[in-house]
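File shown here: entry_4.txt, holding compact mmCIF, C-alpha atoms.
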# COMPACT_ATOMS: atom_id res chain seq x y z
CA MET M 17 -58.13 -34.82 -21.48
CA ASP M 18 -56.59 -32.17 -23.73
CA LYS M 19 -54.31 -29.28 -22.88
CA ILE M 20 -55.81 -26.04 -24.20
CA ASN M 21 -54.68 -22.43 -24.37
CA GLY M 22 -55.26 -20.13 -21.44
CA GLY M 23 -55.59 -20.13 -17.68
CA VAL M 24 -58.35 -18.98 -15.35
CA THR M 25 -60.58 -17.67 -18.15
CA ALA M 26 -60.54 -20.92 -20.14
CA PRO M 27 -63.58 -22.38 -18.30
CA LYS M 28 -67.01 -21.10 -19.31
CA GLY M 29 -68.31 -18.04 -17.47
CA PHE M 30 -65.04 -16.75 -15.99
CA GLN M 31 -63.59 -13.30 -16.63
CA ALA M 32 -60.36 -11.77 -15.37
CA ALA M 33 -58.16 -8.70 -15.53
CA GLY M 34 -54.76 -7.57 -14.33
CA LEU M 35 -53.26 -4.09 -14.24
CA ARG M 36 -50.91 -1.73 -12.47
CA ALA M 37 -52.39 0.17 -9.53
CA GLY M 38 -49.06 1.54 -8.28
CA ILE M 39 -48.65 -0.70 -5.22
CA LYS M 40 -45.13 -1.76 -6.24
CA GLU M 41 -43.15 1.41 -5.74
CA GLY M 42 -40.29 2.18 -8.07
CA SER M 43 -41.75 0.09 -10.88
CA THR M 44 -43.27 1.83 -13.86
CA ASP M 45 -44.70 -1.12 -15.75
CA LYS M 46 -45.29 -4.12 -13.48
CA LYS M 47 -48.90 -5.09 -12.96
CA ASP M 48 -49.82 -5.50 -9.29
CA MET M 49 -53.57 -6.17 -9.03
CA ALA M 50 -55.74 -8.94 -10.45
CA MET M 51 -59.41 -9.86 -10.38
CA ILE M 52 -61.26 -13.05 -11.34
CA TYR M 53 -65.04 -13.00 -11.70
CA SER M 54 -67.60 -15.70 -12.45
CA GLU M 55 -70.88 -14.86 -14.16
CA ALA M 56 -72.56 -17.61 -12.14
CA PRO M 57 -72.13 -18.23 -8.40
CA CYS M 58 -69.43 -20.76 -7.54
CA VAL M 59 -68.94 -23.35 -4.87
CA ALA M 60 -65.47 -22.81 -3.41
CA ALA M 61 -62.76 -24.88 -1.74
CA GLY M 62 -59.46 -23.73 -0.32
CA THR M 63 -56.28 -24.87 1.36
CA PHE M 64 -54.14 -22.53 3.39
CA THR M 65 -50.79 -22.09 5.10
CA THR M 66 -49.91 -24.23 8.12
CA ASN M 67 -47.82 -21.36 9.52
CA GLN M 68 -49.22 -20.17 12.87
CA VAL M 69 -48.64 -16.62 11.65
CA LYS M 70 -51.43 -16.24 9.11
CA ALA M 71 -51.91 -13.15 6.96
CA ALA M 72 -55.20 -11.26 7.15
CA PRO M 73 -56.42 -12.43 3.71
CA VAL M 74 -55.81 -16.05 4.71
CA LYS M 75 -58.05 -15.58 7.74
CA TRP M 76 -60.67 -13.83 5.61
CA ASP M 77 -60.69 -16.57 2.97
CA MET M 78 -60.78 -19.39 5.51
CA HIS M 79 -63.97 -17.86 6.90
CA ILE M 80 -65.56 -17.22 3.49
CA VAL M 81 -64.76 -20.67 2.13
CA ASP M 82 -66.15 -22.28 5.27
CA SER M 83 -69.30 -20.18 5.64
CA SER M 84 -70.38 -18.97 2.20
CA ASN M 85 -72.45 -21.11 -0.17
CA ALA M 86 -71.69 -18.89 -3.16
CA VAL M 87 -68.51 -17.12 -4.27
CA HIS M 88 -68.40 -14.80 -7.26
CA ALA M 89 -64.97 -13.17 -7.34
CA VAL M 90 -61.36 -13.09 -6.19
CA ILE M 91 -59.42 -9.86 -5.76
CA CYS M 92 -55.64 -10.03 -5.38
CA ASN M 93 -52.77 -7.61 -4.96
CA SER M 94 -49.03 -8.16 -5.14
CA GLY M 95 -46.29 -6.08 -3.54
CA VAL M 96 -47.72 -6.01 0.01
CA ALA M 97 -48.63 -9.22 1.87
CA ASN M 98 -51.03 -7.71 4.44
CA ALA M 99 -49.43 -10.05 7.00
CA CYS M 100 -48.67 -9.13 10.62
CA THR M 101 -50.85 -6.04 10.20
CA GLY M 102 -53.24 -6.51 13.12
CA GLN M 103 -56.88 -5.49 13.14
CA LYS M 104 -56.24 -2.83 10.51
CA GLY M 105 -55.16 -5.56 8.10
CA MET M 106 -58.39 -7.47 8.69
CA GLN M 107 -60.40 -4.29 8.17
CA TYR M 108 -58.59 -3.73 4.89
CA CYS M 109 -59.63 -7.20 3.72
CA GLU M 110 -63.22 -6.31 4.44
CA ASN M 111 -62.78 -2.97 2.68
CA MET M 112 -61.38 -4.74 -0.40
CA ALA M 113 -64.37 -7.08 -0.41
CA GLU M 114 -66.83 -4.21 0.05
CA VAL M 115 -65.43 -2.17 -2.84
CA THR M 116 -65.31 -5.25 -5.08
CA ALA M 117 -68.89 -6.15 -4.16
CA ASP M 118 -70.08 -2.62 -4.91
CA THR M 119 -68.41 -2.49 -8.32
CA LEU M 120 -69.68 -5.95 -9.34
CA ASN M 121 -73.11 -5.66 -7.70
CA ILE M 122 -72.66 -8.74 -5.53
CA GLU M 123 -72.30 -9.36 -1.77
CA LYS M 124 -69.04 -8.95 0.14
CA LYS M 125 -69.40 -12.45 1.58
CA GLN M 126 -69.05 -13.67 -2.02
CA ILE M 127 -65.57 -12.16 -2.39
CA LEU M 128 -62.26 -13.89 -1.71
CA VAL M 129 -59.17 -11.77 -1.08
CA ALA M 130 -55.49 -12.55 -1.60
CA SER M 131 -52.26 -10.62 -1.07
CA THR M 132 -48.58 -11.34 -1.60
CA GLY M 133 -45.41 -9.35 -1.07
CA VAL M 134 -43.59 -7.73 1.84
CA ILE M 135 -44.68 -8.80 5.33
CA GLY M 136 -45.52 -6.11 7.90
CA ALA M 137 -46.50 -3.27 5.58
CA GLN M 138 -50.04 -1.91 5.47
CA LEU M 139 -51.92 -1.91 2.19
CA PRO M 140 -52.14 1.46 0.37
CA MET M 141 -55.92 1.41 0.34
CA ASP M 142 -56.30 4.48 -1.86
CA LYS M 143 -54.42 2.67 -4.65
CA ILE M 144 -56.17 -0.62 -3.88
CA THR M 145 -59.60 1.00 -4.12
CA GLU M 146 -58.85 2.67 -7.45
CA GLY M 147 -57.32 -0.57 -8.70
CA ILE M 148 -60.48 -2.54 -7.91
CA LYS M 149 -62.62 -0.02 -9.79
CA MET M 150 -60.35 -0.17 -12.84
CA LEU M 151 -60.23 -3.98 -12.74
CA SER M 152 -64.00 -4.33 -12.65
CA SER M 153 -64.33 -2.24 -15.80
CA ASN M 154 -61.57 -4.18 -17.58
CA LEU M 155 -62.83 -7.72 -16.93
CA ASN M 156 -62.99 -9.91 -20.00
CA ALA M 157 -63.38 -13.58 -20.82
CA ASP M 158 -60.57 -13.62 -23.39
CA LEU M 159 -57.38 -15.54 -22.72
CA SER M 160 -55.63 -12.16 -22.48
CA GLY M 161 -57.65 -11.32 -19.36
CA GLY M 162 -56.42 -14.45 -17.61
CA HIS M 163 -52.85 -13.83 -18.78
CA ASP M 164 -52.88 -10.26 -17.46
CA ALA M 165 -54.11 -11.59 -14.11
CA ALA M 166 -51.29 -14.16 -14.04
CA LEU M 167 -48.76 -11.37 -14.65
CA ALA M 168 -50.27 -9.19 -11.94
CA ILE M 169 -49.86 -11.69 -9.09
CA MET M 170 -46.11 -12.16 -9.64
CA THR M 171 -43.53 -10.93 -7.13
CA THR M 172 -40.03 -12.39 -7.62
CA ASP M 173 -41.39 -14.81 -10.22
CA THR M 174 -39.60 -14.54 -13.54
CA VAL M 175 -42.45 -15.98 -15.62
CA PRO M 176 -46.25 -16.15 -15.32
CA LYS M 177 -47.63 -19.59 -14.52
CA GLU M 178 -50.94 -20.69 -16.08
CA ILE M 179 -52.46 -23.80 -17.64
CA ALA M 180 -55.83 -25.13 -18.82
CA TYR M 181 -57.35 -28.46 -19.86
CA SER M 182 -60.63 -29.64 -21.33
CA PHE M 183 -62.16 -33.05 -20.65
CA LYS M 184 -65.43 -34.90 -21.00
CA ILE M 185 -68.03 -35.77 -18.39
CA GLY M 186 -70.61 -37.76 -20.28
CA ASP M 187 -71.60 -35.71 -23.32
CA HIS M 188 -70.49 -32.44 -21.71
CA THR M 189 -67.19 -30.68 -22.34
CA VAL M 190 -65.73 -29.41 -19.07
CA ARG M 191 -62.82 -27.03 -18.68
CA ILE M 192 -60.44 -26.31 -15.85
CA GLY M 193 -57.79 -23.60 -15.76
CA GLY M 194 -55.40 -22.25 -13.19
CA MET M 195 -52.70 -19.75 -12.43
CA CYS M 196 -50.29 -19.37 -9.55
CA LYS M 197 -47.37 -17.37 -8.30
CA GLY M 198 -44.44 -18.57 -6.24
CA SER M 199 -40.69 -18.38 -6.38
CA GLY M 200 -39.27 -17.91 -2.87
CA MET M 201 -40.35 -18.76 0.69
CA ILE M 202 -41.56 -22.08 -0.72
CA HIS M 203 -41.77 -25.20 1.43
CA PRO M 204 -44.03 -28.26 1.76
CA ASN M 205 -47.27 -27.83 3.69
CA MET M 206 -48.13 -25.15 1.19
CA CYS M 207 -45.69 -22.61 -0.06
CA THR M 208 -45.47 -18.84 -0.33
CA MET M 209 -47.73 -19.17 -3.20
CA LEU M 210 -51.07 -18.09 -4.41
CA GLY M 211 -52.92 -20.55 -6.60
CA PHE M 212 -56.26 -19.96 -8.28
CA VAL M 213 -58.00 -22.80 -10.13
CA MET M 214 -61.31 -22.21 -11.92
CA THR M 215 -63.62 -24.81 -13.47
CA ASP M 216 -67.07 -24.88 -15.03
CA VAL M 217 -67.81 -28.37 -13.68
CA ASN M 218 -71.06 -28.91 -11.78
CA ILE M 219 -70.03 -30.51 -8.47
CA SER M 220 -71.01 -30.41 -4.81
CA LYS M 221 -68.98 -28.25 -2.46
CA GLU M 222 -68.21 -31.27 -0.29
CA LEU M 223 -66.63 -33.25 -3.14
CA LEU M 224 -64.86 -30.17 -4.52
CA THR M 225 -63.26 -29.66 -1.13
CA GLU M 226 -62.26 -33.29 -0.77
CA ALA M 227 -60.77 -33.38 -4.27
CA LEU M 228 -58.61 -30.32 -3.60
CA LYS M 229 -57.42 -31.35 -0.15
CA GLU M 230 -56.46 -34.82 -1.31
CA ASP M 231 -54.65 -33.62 -4.43
CA ILE M 232 -52.69 -30.94 -2.56
CA LYS M 233 -50.90 -33.73 -0.68
CA ASP M 234 -49.29 -34.98 -3.91
CA THR M 235 -48.72 -31.62 -5.61
CA PHE M 236 -48.25 -28.31 -3.83
CA ASN M 237 -47.33 -29.96 -0.53
CA MET M 238 -44.48 -31.73 -2.32
CA VAL M 239 -42.77 -28.51 -3.45
CA SER M 240 -39.85 -26.81 -1.72
CA VAL M 241 -37.52 -24.03 -2.83
CA ASP M 242 -35.91 -22.85 0.38
CA GLY M 243 -37.50 -24.49 3.45
CA ASP M 244 -39.51 -21.41 4.50
CA THR M 245 -43.28 -21.78 4.96
CA SER M 246 -45.06 -18.50 4.27
CA THR M 247 -47.81 -16.55 6.04
CA ASN M 248 -49.95 -16.14 2.90
CA ASP M 249 -50.11 -19.58 1.27
CA THR M 250 -53.46 -20.04 -0.43
CA VAL M 251 -54.93 -22.29 -3.10
CA LEU M 252 -58.51 -21.53 -4.11
CA LEU M 253 -60.68 -23.76 -6.30
CA LEU M 254 -63.95 -22.37 -7.68
CA ALA M 255 -66.57 -24.29 -9.68
CA ASN M 256 -69.49 -22.45 -11.31
CA GLY M 257 -71.38 -25.41 -12.85
CA MET M 258 -71.75 -23.73 -16.26
CA ALA M 259 -70.61 -26.87 -18.12
CA GLU M 260 -74.08 -28.15 -17.15
CA ASN M 261 -72.94 -31.72 -16.63
CA PRO M 262 -75.07 -33.81 -14.25
CA LYS M 263 -74.07 -32.59 -10.81
CA ILE M 264 -71.31 -34.69 -9.26
CA THR M 265 -72.52 -35.67 -5.79
CA GLU M 266 -70.79 -39.01 -5.35
CA LYS M 267 -67.42 -40.58 -6.09
CA ASN M 268 -68.30 -42.05 -9.44
CA GLU M 269 -66.55 -42.10 -12.82
CA ASP M 270 -67.37 -38.42 -13.37
CA TYR M 271 -65.75 -37.48 -10.07
CA TYR M 272 -62.53 -39.28 -10.89
CA GLU M 273 -62.40 -37.68 -14.34
CA PHE M 274 -62.51 -34.32 -12.58
CA VAL M 275 -59.87 -35.41 -10.03
CA LYS M 276 -57.58 -36.44 -12.88
CA ALA M 277 -57.91 -33.03 -14.55
CA LEU M 278 -57.43 -31.17 -11.25
CA HIS M 279 -54.25 -33.15 -10.62
CA ALA M 280 -52.91 -32.28 -14.07
CA VAL M 281 -53.42 -28.56 -13.40
CA ASN M 282 -51.94 -28.65 -9.90
CA GLU M 283 -48.92 -30.74 -10.89
CA PHE M 284 -48.12 -28.45 -13.82
CA LEU M 285 -48.35 -25.35 -11.64
CA CYS M 286 -46.30 -26.73 -8.75
CA LYS M 287 -43.52 -27.84 -11.11
CA LYS M 288 -43.51 -24.34 -12.60
CA ILE M 289 -43.05 -22.91 -9.10
CA ALA M 290 -40.16 -25.27 -8.35
CA GLY M 291 -38.45 -24.57 -11.66
CA ASP M 292 -38.83 -20.82 -11.13
CA GLY M 293 -37.36 -20.87 -7.62
CA GLU M 294 -35.50 -17.69 -6.79
CA GLY M 295 -32.14 -17.74 -8.55
CA ALA M 296 -32.70 -21.29 -9.80
CA THR M 297 -31.06 -22.69 -12.91
CA ALA M 298 -32.70 -26.12 -12.76
CA LEU M 299 -35.87 -27.89 -11.66
CA PHE M 300 -34.83 -30.65 -9.24
CA GLU M 301 -37.24 -33.59 -9.02
CA VAL M 302 -36.90 -36.40 -6.48
CA LYS M 303 -38.72 -39.69 -7.05
CA VAL M 304 -38.73 -42.25 -4.27
CA ILE M 305 -39.82 -45.69 -5.46
CA GLY M 306 -39.95 -49.10 -3.79
CA ALA M 307 -41.06 -47.66 -0.45
CA LYS M 308 -43.17 -49.66 1.97
CA SER M 309 -45.83 -46.93 2.25
CA LYS M 310 -46.88 -43.72 0.53
CA GLU M 311 -46.17 -41.81 3.74
CA GLN M 312 -42.62 -43.17 3.95
CA ALA M 313 -41.97 -42.32 0.31
CA ALA M 314 -43.20 -38.74 0.78
CA VAL M 315 -41.01 -38.17 3.85
CA LEU M 316 -37.94 -39.49 2.05
CA ALA M 317 -38.56 -37.47 -1.12
CA LYS M 318 -39.10 -34.25 0.83
CA SER M 319 -35.94 -34.80 2.83
CA VAL M 320 -33.80 -35.02 -0.30
CA VAL M 321 -35.46 -32.17 -2.19
CA THR M 322 -35.01 -29.81 0.78
CA SER M 323 -31.36 -30.69 1.45
CA SER M 324 -29.29 -27.53 1.00
CA LEU M 325 -26.15 -29.53 0.32
CA THR M 326 -27.87 -31.63 -2.31
CA LYS M 327 -29.39 -28.53 -3.93
CA ALA M 328 -25.94 -26.92 -4.06
CA ALA M 329 -24.52 -30.06 -5.67
CA ILE M 330 -27.24 -29.94 -8.32
CA TYR M 331 -26.26 -26.33 -9.07
CA GLY M 332 -22.64 -27.44 -9.46
CA HIS M 333 -23.62 -30.41 -11.67
CA ASP M 334 -21.82 -32.56 -9.11
CA ALA M 335 -22.96 -36.19 -8.68
CA ASN M 336 -22.34 -36.04 -4.94
CA TRP M 337 -24.61 -38.97 -4.12
CA GLY M 338 -23.46 -39.08 -0.50
CA ARG M 339 -25.54 -35.99 0.20
CA ILE M 340 -28.65 -37.73 -1.13
CA LEU M 341 -28.08 -40.87 0.92
CA CYS M 342 -27.39 -38.70 3.97
CA ALA M 343 -30.65 -36.77 3.46
CA LEU M 344 -32.55 -40.05 3.23
CA GLY M 345 -30.89 -41.12 6.45
CA TYR M 346 -31.89 -38.12 8.56
CA SER M 347 -35.48 -38.12 7.29
CA LYS M 348 -36.48 -40.33 10.27
CA ALA M 349 -38.09 -42.80 7.89
CA GLU M 350 -36.74 -46.28 8.60
CA PHE M 351 -35.06 -48.15 5.74
CA ASN M 352 -32.03 -50.35 5.04
CA PRO M 353 -29.22 -48.18 3.59
CA ASP M 354 -27.55 -51.30 2.19
CA LEU M 355 -30.42 -51.84 -0.25
CA VAL M 356 -30.73 -48.36 -1.76
CA ASP M 357 -30.11 -47.68 -5.46
CA ILE M 358 -29.89 -44.09 -6.75
CA TYR M 359 -30.13 -42.86 -10.34
CA PHE M 360 -29.82 -39.47 -12.02
CA GLU M 361 -32.05 -38.72 -15.00
CA SER M 362 -32.53 -35.84 -17.44
CA LYS M 363 -33.06 -35.27 -21.14
CA ALA M 364 -29.40 -36.29 -21.52
CA GLY M 365 -30.08 -39.82 -20.22
CA ARG M 366 -30.19 -42.02 -17.12
CA LEU M 367 -27.31 -43.19 -14.95
CA LYS M 368 -27.11 -45.41 -11.86
CA ILE M 369 -24.74 -43.84 -9.34
CA VAL M 370 -25.47 -45.91 -6.22
CA GLU M 371 -26.12 -49.65 -6.01
CA ASN M 372 -26.96 -51.33 -2.70
CA GLY M 373 -25.82 -48.28 -0.73
CA MET M 374 -22.40 -48.02 -2.38
CA ALA M 375 -20.96 -46.20 -5.37
CA ALA M 376 -21.82 -47.81 -8.68
CA ASP M 377 -19.32 -48.01 -11.50
CA TYR M 378 -20.23 -44.80 -13.36
CA SER M 379 -18.54 -42.02 -15.32
CA GLU M 380 -18.29 -38.66 -13.54
CA GLU M 381 -18.20 -36.98 -16.94
CA ARG M 382 -21.45 -38.71 -17.94
CA ALA M 383 -23.03 -37.76 -14.61
CA THR M 384 -22.08 -34.12 -15.12
CA GLU M 385 -23.60 -34.19 -18.59
CA ILE M 386 -26.90 -35.48 -17.20
CA LEU M 387 -26.87 -32.96 -14.35
CA SER M 388 -26.22 -30.03 -16.70
CA GLU M 389 -29.80 -30.01 -18.04
CA ASP M 390 -32.43 -27.54 -16.80
CA GLU M 391 -34.59 -30.37 -15.41
CA VAL M 392 -32.86 -33.04 -13.30
CA THR M 393 -34.37 -36.04 -11.49
CA ALA M 394 -32.91 -38.15 -8.69
CA VAL M 395 -34.56 -41.57 -8.39
CA CYS M 396 -34.15 -43.38 -5.07
CA ASP M 397 -35.17 -47.04 -5.08
CA MET M 398 -35.63 -48.20 -1.47
CA LYS M 399 -36.40 -51.84 -2.44
CA MET M 400 -38.90 -52.20 0.38
CA GLY M 401 -42.30 -52.28 -1.34
CA GLU M 402 -44.45 -50.89 -4.14
CA CYS M 403 -45.15 -47.33 -3.00
CA SER M 404 -43.75 -44.10 -4.42
CA ALA M 405 -43.82 -40.31 -4.10
CA THR M 406 -42.39 -37.36 -6.00
CA ALA M 407 -41.17 -34.01 -4.68
CA TRP M 408 -40.09 -30.93 -6.60
CA GLY M 409 -37.53 -28.26 -5.82
CA CYS M 410 -34.64 -26.47 -7.47
CA ASP M 411 -30.92 -25.94 -7.19
CA LEU M 412 -29.43 -23.50 -4.66
CA THR M 413 -27.47 -20.68 -6.26
CA HIS M 414 -25.58 -17.52 -5.37
CA GLU M 415 -28.44 -15.55 -6.90
CA TYR M 416 -30.91 -16.86 -4.29
CA VAL M 417 -28.96 -15.10 -1.56
CA SER M 418 -28.69 -11.90 -3.61
CA ILE M 419 -32.43 -11.77 -4.27
CA ASN M 420 -33.39 -12.29 -0.63
CA ALA M 421 -30.72 -10.00 0.77
CA ASP M 422 -32.24 -7.13 -1.23
CA TYR M 423 -35.93 -8.13 -1.23
CA ARG M 424 -37.25 -5.03 0.58
CA SER M 425 -34.86 -2.51 -0.94
Before we go any further, please render this structure as structure tokens.
Amino acid sequence: MDKINGGVTAPKGFQAAGLRAGIKEGSTDKKDMAMIYSEAPCVAAGTFTTNQVKAAPVKWDMHIVDSSNAVHAVICNSGVANACTGQKGMQYCENMAEVTADTLNIEKKQILVASTGVIGAQLPMDKITEGIKMLSSNLNADLSGGHDAALAIMTTDTVPKEIAYSFKIGDHTVRIGGMCKGSGMIHPNMCTMLGFVMTDVNISKELLTEALKEDIKDTFNMVSVDGDTSTNDTVLLLANGMAENPKITEKNEDYYEFVKALHAVNEFLCKKIAGDGEGATALFEVKVIGAKSKEQAAVLAKSVVTSSLTKAAIYGHDANWGRILCALGYSKAEFNPDLVDIYFESKAGRLKIVENGMAADYSEERATEILSEDEVTAVCDMKMGECSATAWGCDLTHEYVSINADYRS
């Protein structure tokens, strides 16, 4: 498996575009609409928010993914979430699909829709309609098309997030590429994020769906920035089969090669979300090892990565290990506190700070040096078994409050 340049247009047969339609008021240059199109029909899989309050595009996509055998395109806007917008919001999803279908000469049931931005506002459909028409005429298969699309889905993100890999299935070269957005309102069980992963692999819809749903458990569902689960969380995976590999219809070596590549894309994107958390200065990774089960390890890792006190300590480069042990303790996962070892790691080195539930003999100055890097890992060894899990988050800063206090203004 090789990392290659690009994002959603890296796989064969995919085109994309991103541009400014004027949805984001007060901004003169920020792109706010994106489109992805496949020359060949795709099988599609999706995972969606667990929030009971689901945005209209989430409901639309859940239906399309479940009922349609062929998907050709995704249309996305940023700036307005189309959430809590009632029947009008659902009608606007259908309108977006209809206009996209007309411009691309396909069926509306082959169109997936995504929105992100302010909750409660109605979409400016005049701008949306014109944006769709402009996007359809600007589609291209170059890497620039995918990059423009990645820029267009951003809200409070500070950087676009995209990645692509190539790998072999038999004698066939297969590519997979993805992009996502997410910075705030990010919490396990999906995040306020939109993720779009495209591949030219030839695979059944059933196995595509299983691969995505299983991998989400170890990637996007292990990310948290602020503990808020959004109304619009969506990850879509489309496969158009244009790599022409023998169709994957069973869990054989080819299937697991694809699963490996999908995991690489998803893990890269979810770490980019965590590291770009609103106001963040550092990616905070929590590895729980030596757990008695995968489920226990995941619960413990999530508890630490979501701890506001721990996140604040990471921002202050403070080796306040008591907050980590406390977060493990209220996770409701049973363990023996007297066995736990805790380490801090970064590019600056590795340091044991807790041994058997008590402070180890360590240098505070050395700990601060390790914690001053832009990527910091806490390793918690439970000494109970062979299972592990990793969660990703970020530090908690003054800037996070500033961003969210002024989000609508």
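Each of M:Ile192, M:Ala26, M:Ala421, M:Leu120 was compared to His279 (chain M) using all atoms listed in the file, and M:Ile192 turns out to be the nearest.
Across the structure, CA of Val129 (chain M) and CA of Cys109 (chain M) are spaced 6.6 Å apart.
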What lies within 12 Å of region 97-101 of chain M using all atoms listed in the file, ignoring chain neighbours under 5 positions off, as an MDAnalysis selection string? chainID M and resid 39:40 48 67:76 92 106:109 112 129:141 169 171 208:210 246:249
Residues within 9 Å of Ala364 (chain M), all atoms listed in the file, excluding chain neighbours under 2 positions, as a count of residues only: 8
Taking 3 positions as the minimum chain separation for residues in the same chain, which residues sit within 8 Å of Gly34 (chain M) when counting only C-alpha atoms? Answer as a PDB file with C-alpha atoms, in the coordinates of the input.
ATOM      1  CA  LYS M  47     -48.900  -5.090 -12.960  1.00  0.00           C
ATOM      2  CA  ASP M  48     -49.820  -5.500  -9.290  1.00  0.00           C
ATOM      3  CA  MET M  49     -53.570  -6.170  -9.030  1.00  0.00           C
ATOM      4  CA  ALA M  50     -55.740  -8.940 -10.450  1.00  0.00           C
ATOM      5  CA  MET M  51     -59.410  -9.860 -10.380  1.00  0.00           C
ATOM      6  CA  LEU M 151     -60.230  -3.980 -12.740  1.00  0.00           C
ATOM      7  CA  GLY M 161     -57.650 -11.320 -19.360  1.00  0.00           C
ATOM      8  CA  GLY M 162     -56.420 -14.450 -17.610  1.00  0.00           C
ATOM      9  CA  HIS M 163     -52.850 -13.830 -18.780  1.00  0.00           C
ATOM     10  CA  ASP M 164     -52.880 -10.260 -17.460  1.00  0.00           C
ATOM     11  CA  ALA M 165     -54.110 -11.590 -14.110  1.00  0.00           C
ATOM     12  CA  ALA M 166     -51.290 -14.160 -14.040  1.00  0.00           C
ATOM     13  CA  LEU M 167     -48.760 -11.370 -14.650  1.00  0.00           C
ATOM     14  CA  ALA M 168     -50.270  -9.190 -11.940  1.00  0.00           C
TER      15      ALA M 168
END
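Compared by their closest atoms to Leu224 (chain M), and using all atoms listed in the file, the residues M:Ala314, M:Ala255, M:Ala307, M:Ala329 rank with M:Ala255 nearest.
When CA of Val251 (chain M) is paired with CA of Phe64 (chain M), their separation reads 6.5 Å.
Nearest to Ala56 (chain M) of all the residues M:Ile358, M:Ala86, M:Val320, M:Leu228 is M:Ala86, counting all atoms listed in the file.
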Which distance in Å separates CA of Ala298 (chain M) and CA of Lys197 (chain M), to one decimal? 17.7 Å
Do you know which residues are at most 10 Å from Ser153 (chain M) counting all atoms listed in the file, after dropping those on the same chain fewer than 3 positions away, and could you put them as a ChimeraX atom specification? /M:33,119-120,148-150,156
Might you pull out every residue within 10 Å of Ala227 (chain M), with only C-alpha atoms counted and same-chain residues fewer than 2 positions away left off, and present them as a PyMOL selection string? chain M and resi 61+221-225+229-232+253+267+271-272+274-276+278-279
Nearest to Ile185 (chain M), chosen from M:Leu159, M:Leu252, M:Ser152, M:Asn261, with only C-alpha atoms counted in the distances: M:Asn261
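Compared by their closest atoms to Ala32 (chain M), and using all atoms listed in the file, the residues M:Asn85, M:Asn154, M:Gln103, M:Asn111 rank with M:Asn154 nearest.
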Box centre and edge lengths (Å, one decimal), axis-aligned, region 208-227 of chain M plus 6 Å each side, as AutoDock Vina command-line options:
--center_x -58.3 --center_y -25.7 --center_z -7.7 --size_x 37.6 --size_y 27.3 --size_z 26.7
